[in-house]
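Shown next: protein.cif, containing mmCIF, C-alpha atoms.
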data_start
loop_
_atom_site.label_atom_id
_atom_site.label_comp_id
_atom_site.auth_asym_id
_atom_site.auth_seq_id
_atom_site.Cartn_x
_atom_site.Cartn_y
_atom_site.Cartn_z
CA MET A 1 145.81 94.50 77.65
CA THR A 2 143.23 93.55 75.02
CA TYR A 3 139.68 92.82 76.16
CA ASN A 4 137.94 90.83 73.44
CA ASN A 5 134.58 91.16 75.21
CA ILE A 6 134.62 95.00 75.17
CA ASN A 7 133.37 96.60 71.94
CA SER A 8 133.99 100.33 72.18
CA GLU A 9 135.70 103.19 70.35
CA GLN A 10 137.36 104.28 73.59
CA ILE A 11 138.33 101.76 76.29
CA VAL A 12 139.94 102.55 79.63
CA VAL A 13 140.42 99.69 82.11
CA GLY A 14 142.37 100.23 85.31
CA LYS A 15 144.94 98.05 87.01
CA ASN A 16 144.07 94.83 88.86
CA THR A 17 140.60 94.76 87.30
CA ILE A 18 139.04 91.40 86.43
CA ILE A 19 136.43 91.06 83.67
CA GLU A 20 135.16 87.52 83.28
CA PRO A 21 135.41 86.20 79.67
CA SER A 22 131.67 85.55 79.49
CA ALA A 23 130.84 89.21 80.25
CA LYS A 24 129.76 91.36 77.29
CA ILE A 25 130.31 95.12 77.10
CA THR A 26 129.13 96.93 73.98
CA GLY A 27 127.04 99.79 72.61
CA ILE A 28 123.38 99.92 71.72
CA ASN A 29 123.95 99.51 67.98
CA GLY A 30 127.48 98.18 67.72
CA LYS A 31 130.47 99.87 69.29
CA ALA A 32 130.01 101.93 72.42
CA LYS A 33 131.45 105.44 72.37
CA LYS A 34 133.27 105.21 75.71
CA ILE A 35 133.79 102.52 78.35
CA VAL A 36 135.76 103.48 81.47
CA ILE A 37 136.37 100.95 84.26
CA GLY A 38 138.53 101.86 87.24
CA ASP A 39 141.19 100.08 89.26
CA ASN A 40 140.58 96.90 91.30
CA CYS A 41 137.12 96.28 89.84
CA TYR A 42 135.33 93.00 89.16
CA ILE A 43 132.77 92.28 86.46
CA GLY A 44 131.31 88.81 86.85
CA GLU A 45 130.16 85.98 84.64
CA ASN A 46 127.48 86.67 82.03
CA VAL A 47 127.21 90.34 82.90
CA GLN A 48 125.80 92.36 79.99
CA ILE A 49 126.58 96.07 79.72
CA ILE A 50 124.86 97.49 76.63
CA CYS A 51 125.38 101.22 76.84
CA ASP A 52 127.11 103.78 74.62
CA ASP A 53 128.69 105.64 77.55
CA PHE A 54 129.46 103.65 80.70
CA SER A 55 131.82 104.25 83.60
CA LEU A 56 132.58 102.31 86.78
CA GLY A 57 134.69 103.71 89.63
CA ASP A 58 137.59 102.08 91.48
CA TYR A 59 136.98 99.06 93.74
CA SER A 60 133.50 98.43 92.34
CA LYS A 61 131.92 95.02 91.79
CA ILE A 62 129.23 93.95 89.32
CA GLN A 63 128.21 90.41 90.14
CA HIS A 64 127.10 87.58 87.86
CA HIS A 65 124.18 87.86 85.41
CA THR A 66 123.62 91.59 85.94
CA ASN A 67 122.21 93.58 83.00
CA VAL A 68 123.04 97.26 82.42
CA HIS A 69 121.47 98.91 79.39
CA GLY A 70 120.35 102.27 78.02
CA TYR A 71 120.80 105.02 75.46
CA LEU A 72 122.02 107.70 77.88
CA PRO A 73 125.17 107.61 80.04
CA CYS A 74 125.34 105.25 83.02
CA LYS A 75 127.82 106.43 85.65
CA ILE A 76 128.60 104.30 88.72
CA GLY A 77 130.98 105.62 91.38
CA HIS A 78 133.75 104.12 93.50
CA ASN A 79 133.33 101.13 95.80
CA ALA A 80 129.91 100.14 94.45
CA TRP A 81 128.46 96.67 94.98
CA ILE A 82 125.95 95.50 92.37
CA GLY A 83 124.46 92.13 93.32
CA GLN A 84 123.64 89.15 91.13
CA TYR A 85 120.76 89.29 88.62
CA THR A 86 120.32 93.05 88.99
CA ILE A 87 118.89 95.24 86.22
CA ILE A 88 120.15 98.81 85.81
CA ASP A 89 118.28 100.73 83.11
CA SER A 90 119.81 103.93 81.71
CA ILE A 91 117.35 104.79 78.96
CA GLY A 92 116.63 108.00 80.88
CA GLY A 93 120.18 108.24 82.22
CA THR A 94 121.50 106.82 85.50
CA THR A 95 124.00 108.15 88.01
CA ILE A 96 124.99 106.07 91.05
CA GLY A 97 127.31 107.64 93.64
CA ASN A 98 130.18 106.28 95.71
CA ASN A 99 129.90 103.47 98.28
CA CYS A 100 126.49 102.31 97.06
CA GLY A 101 125.05 98.85 97.44
CA ILE A 102 122.38 97.43 95.15
CA GLY A 103 121.39 94.02 96.44
CA ALA A 104 120.77 90.93 94.32
CA HIS A 105 117.71 90.75 92.06
CA SER A 106 117.03 94.49 92.28
CA GLN A 107 115.70 96.56 89.38
CA ILE A 108 116.73 100.19 88.86
CA TRP A 109 114.60 101.88 86.18
CA SER A 110 114.98 105.29 84.51
CA HIS A 111 111.99 104.89 82.19
CA VAL A 112 108.44 103.54 82.09
CA LYS A 113 107.05 102.11 78.84
CA PHE A 114 104.92 99.23 77.70
CA GLY A 115 101.53 99.87 76.06
CA ASP A 116 101.05 101.29 72.57
CA THR A 117 100.73 105.09 72.78
CA LEU A 118 98.78 105.08 69.50
CA GLU A 119 96.16 103.07 71.34
CA GLY A 120 96.07 105.65 74.10
CA CYS A 121 98.41 104.11 76.67
CA ARG A 122 99.30 106.83 79.18
CA PHE A 123 102.46 105.25 80.53
CA LEU A 124 105.48 106.55 78.66
CA SER A 125 108.13 108.54 80.50
CA GLU A 126 111.87 108.86 80.85
CA LYS A 127 113.59 110.52 83.80
CA GLU A 128 117.14 110.45 85.09
CA MET A 129 117.78 108.08 87.98
CA ILE A 130 120.00 109.85 90.52
CA ILE A 131 121.36 107.79 93.42
CA GLY A 132 123.62 109.63 95.86
CA ASN A 133 126.57 108.43 97.94
CA ASP A 134 126.29 105.67 100.57
CA VAL A 135 122.84 104.58 99.37
CA TRP A 136 121.77 100.97 99.97
CA PHE A 137 119.02 99.04 98.23
CA VAL A 138 119.19 95.89 100.32
CA GLY A 139 117.89 93.42 97.71
CA HIS A 140 114.89 92.50 95.54
CA CYS A 141 114.06 96.22 95.31
CA ILE A 142 112.18 97.75 92.38
CA VAL A 143 113.00 101.42 91.93
CA SER A 144 111.23 103.91 89.63
CA PRO A 145 113.04 107.03 88.35
CA ILE A 146 113.76 108.92 91.58
CA VAL A 147 116.38 110.89 93.45
CA ALA A 148 117.82 108.87 96.34
CA GLN A 149 119.68 111.31 98.57
CA ASP A 150 122.95 110.40 100.30
CA LYS A 151 122.84 107.63 102.94
CA SER A 152 119.23 106.68 102.23
CA MET A 153 118.27 103.00 102.37
CA ALA A 154 115.47 100.73 101.12
CA LEU A 155 114.88 97.40 102.87
CA VAL A 156 114.42 94.05 101.12
CA GLY A 157 111.52 93.93 98.69
CA SER A 158 110.83 97.65 98.69
CA VAL A 159 108.99 99.16 95.70
CA VAL A 160 110.32 102.70 95.55
CA THR A 161 108.21 105.21 93.60
CA LYS A 162 109.12 108.51 95.30
CA ASP A 163 112.32 110.34 96.17
CA MET A 164 114.26 109.12 99.21
CA ASN A 165 115.38 111.65 101.82
CA PHE A 166 118.84 111.98 103.32
CA ASN A 167 119.74 109.09 105.67
CA GLU A 168 116.16 107.80 105.95
CA ILE A 169 115.19 104.11 105.77
CA TYR A 170 112.30 102.98 103.57
CA ALA A 171 110.26 99.79 103.36
CA GLY A 172 107.12 98.39 101.79
CA SER A 173 105.14 98.65 98.56
CA PRO A 174 104.97 101.49 97.86
CA ALA A 175 107.97 102.22 100.06
CA LYS A 176 107.57 104.73 102.90
CA SER A 177 110.04 106.07 105.41
CA ILE A 178 110.14 104.08 108.65
CA SER A 179 112.98 106.06 110.25
CA ASP A 180 110.62 107.47 112.86
CA LYS A 181 110.24 103.89 114.09
CA ILE A 182 113.65 102.28 113.63
CA GLY A 183 116.08 105.18 113.24
CA PHE A 184 118.50 106.00 110.47
CA GLN A 185 121.06 104.09 108.40
CA PHE A 186 124.00 106.19 109.68
CA ASN A 187 124.70 107.70 113.09
CA GLU A 188 126.76 110.86 113.39
CA THR A 189 130.30 109.90 114.43
CA PRO A 190 132.79 112.47 115.83
CA VAL A 191 136.14 112.73 114.08
CA ASP A 192 138.13 111.45 117.08
CA GLU A 193 135.90 108.39 117.29
CA LYS A 194 136.38 107.77 113.55
CA PHE A 195 140.14 107.95 114.12
CA ASN A 196 140.00 105.38 116.92
CA ILE A 197 137.88 103.03 114.82
CA MET A 198 140.28 103.36 111.89
CA MET A 199 143.26 102.60 114.15
CA SER A 200 141.51 99.45 115.40
CA TYR A 201 140.94 98.39 111.77
CA ILE A 202 144.62 98.90 111.01
CA LYS A 203 145.57 96.88 114.07
CA GLN A 204 143.31 94.00 112.95
CA TRP A 205 144.83 94.18 109.50
CA ASP A 206 148.32 94.16 111.02
CA GLY A 207 149.48 96.59 108.35
CA GLU A 208 152.14 99.24 108.39
CA ILE A 209 151.29 102.69 109.83
CA ARG A 210 153.23 105.42 108.07
CA GLN A 211 153.85 108.83 109.58
CA TYR A 212 153.68 111.75 107.16
#

Have the structure of the file written as structure tokens, please.
Amino acid sequence: MTYNNINSEQIVVGKNTIIEPSAKITGINGKAKKIVIGDNCYIGENVQIICDDFSLGDYSKIQHHTNVHGYLPCKIGHNAWIGQYTIIDSIGGTTIGNNCGIGAHSQIWSHVKFGDTLEGCRFLSEKEMIIGNDVWFVGHCIVSPIVAQDKSMALVGSVVTKDMNFNEIYAGSPAKSISDKIGFQFNETPVDEKFNIMMSYIKQWDGEIRQY
């Protein structure tokens, strides 16, 4: 299939993937080097992806009016949910793991820059944004270049300026861990309990159970 709204030297788009005609996927200065989008993905209306090296894993969704941009690679894993009007900056490089949620109107930044350095502005830095698996930024979050460890979570409106620890929940501006007060995003679940939950899901789905 030909995608007229993808401008890249190398294009890989998986099966059952929908890219709205108003979306734009291109490189920083013309053609991107490589665009890879997995199976069963959705890229919504007026999404702009301006990145020379971009990949999106299977079953991932990028909702309307989201902007992804940057000089360095932006890698987003499987089953990601990127909400409407989100900004993902990859000037310093961005890696987002599997099963991540980035709520609407959030901003994910891998660089800091505004004032003229010739005039003595001190704020100029680039650092890779690393977001692990099962991380959730609930919505309206602003995130500086950090490492968000697996299963960490930031509540609505959080301004995240420091690394997020494994499975801890953060809130506020600047965001701080509140897990000592409200607990963690994930509870440990024994394997047999996971099996029972999965069987109940299959029963609700009314699908076929195959024996291997």

### Message
So that I can check the surroundings of region 102-108 of chain A, please list as a list of chain:residue names every protein, DNA and RNA residue that reaches within 9 Å of it, counting all atoms listed in the file and ignoring chain neighbours fewer than 5 positions away.
### Response
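Selected residues are A:Gln63, A:Thr66, A:Ala80, A:Trp81, A:Ile82, A:Gly83, A:Gln84, A:Tyr85, A:Thr86, A:Ile87, A:Ile88, A:Asp89, A:Ser90, A:Thr94, A:Met129, A:Val135, A:Trp136, A:Phe137, A:Val138, A:Gly139, A:His140, A:Cys141, A:Ile142, A:Val143, A:Ser144, A:Pro145, A:Val156, A:Gly157.
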
Evaluate the PyMOL selection byres ((chain A and resi 19) around 6) against this structure - the residues, as a PDB file with C-alpha atoms, keeping the file's coordinate frame, please.
ATOM      1  CA  ILE A  18     139.040  91.400  86.430  1.00  0.00           C
ATOM      2  CA  GLU A  20     135.160  87.520  83.280  1.00  0.00           C
ATOM      3  CA  TYR A  42     135.330  93.000  89.160  1.00  0.00           C
ATOM      4  CA  ILE A  43     132.770  92.280  86.460  1.00  0.00           C
TER       5      ILE A  43
END

### Task
Kindly resolve the PyMOL selection byres ((chain A and resi 31) around 8) on the present coordinates and return the residues as a list in words.
Asn7, Ser8, Glu9, Thr26, Gly27, Ile28, Asn29, Gly30, Ala32, Lys33 and Asp52 of chain A

### Task
Kindly extract all protein, DNA and RNA residues lying within 10 Å of the coordinates (133.0, 96.1, 97.5) given in the file, considering all atoms listed in the file, and supply them as a ChimeraX atom specification.
/A:40-42,58-62,78-82,99-101

Got time to write the residues from that selection, C-alpha atoms, as a compact mmCIF listing (two decimals), in the coordinates of the input?
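Output file again-v7.txt follows:
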# COMPACT_ATOMS: atom_id res chain seq x y z
CA ASN A 40 140.58 96.90 91.30
CA CYS A 41 137.12 96.28 89.84
CA TYR A 42 135.33 93.00 89.16
CA ASP A 58 137.59 102.08 91.48
CA TYR A 59 136.98 99.06 93.74
CA SER A 60 133.50 98.43 92.34
CA LYS A 61 131.92 95.02 91.79
CA ILE A 62 129.23 93.95 89.32
CA HIS A 78 133.75 104.12 93.50
CA ASN A 79 133.33 101.13 95.80
CA ALA A 80 129.91 100.14 94.45
CA TRP A 81 128.46 96.67 94.98
CA ILE A 82 125.95 95.50 92.37
CA ASN A 99 129.90 103.47 98.28
CA CYS A 100 126.49 102.31 97.06
CA GLY A 101 125.05 98.85 97.44

### Query
the PyMOL selection byres ((chain A and resi 184-190) around 8) on the file shown: which residues, as a count of residues only?
13
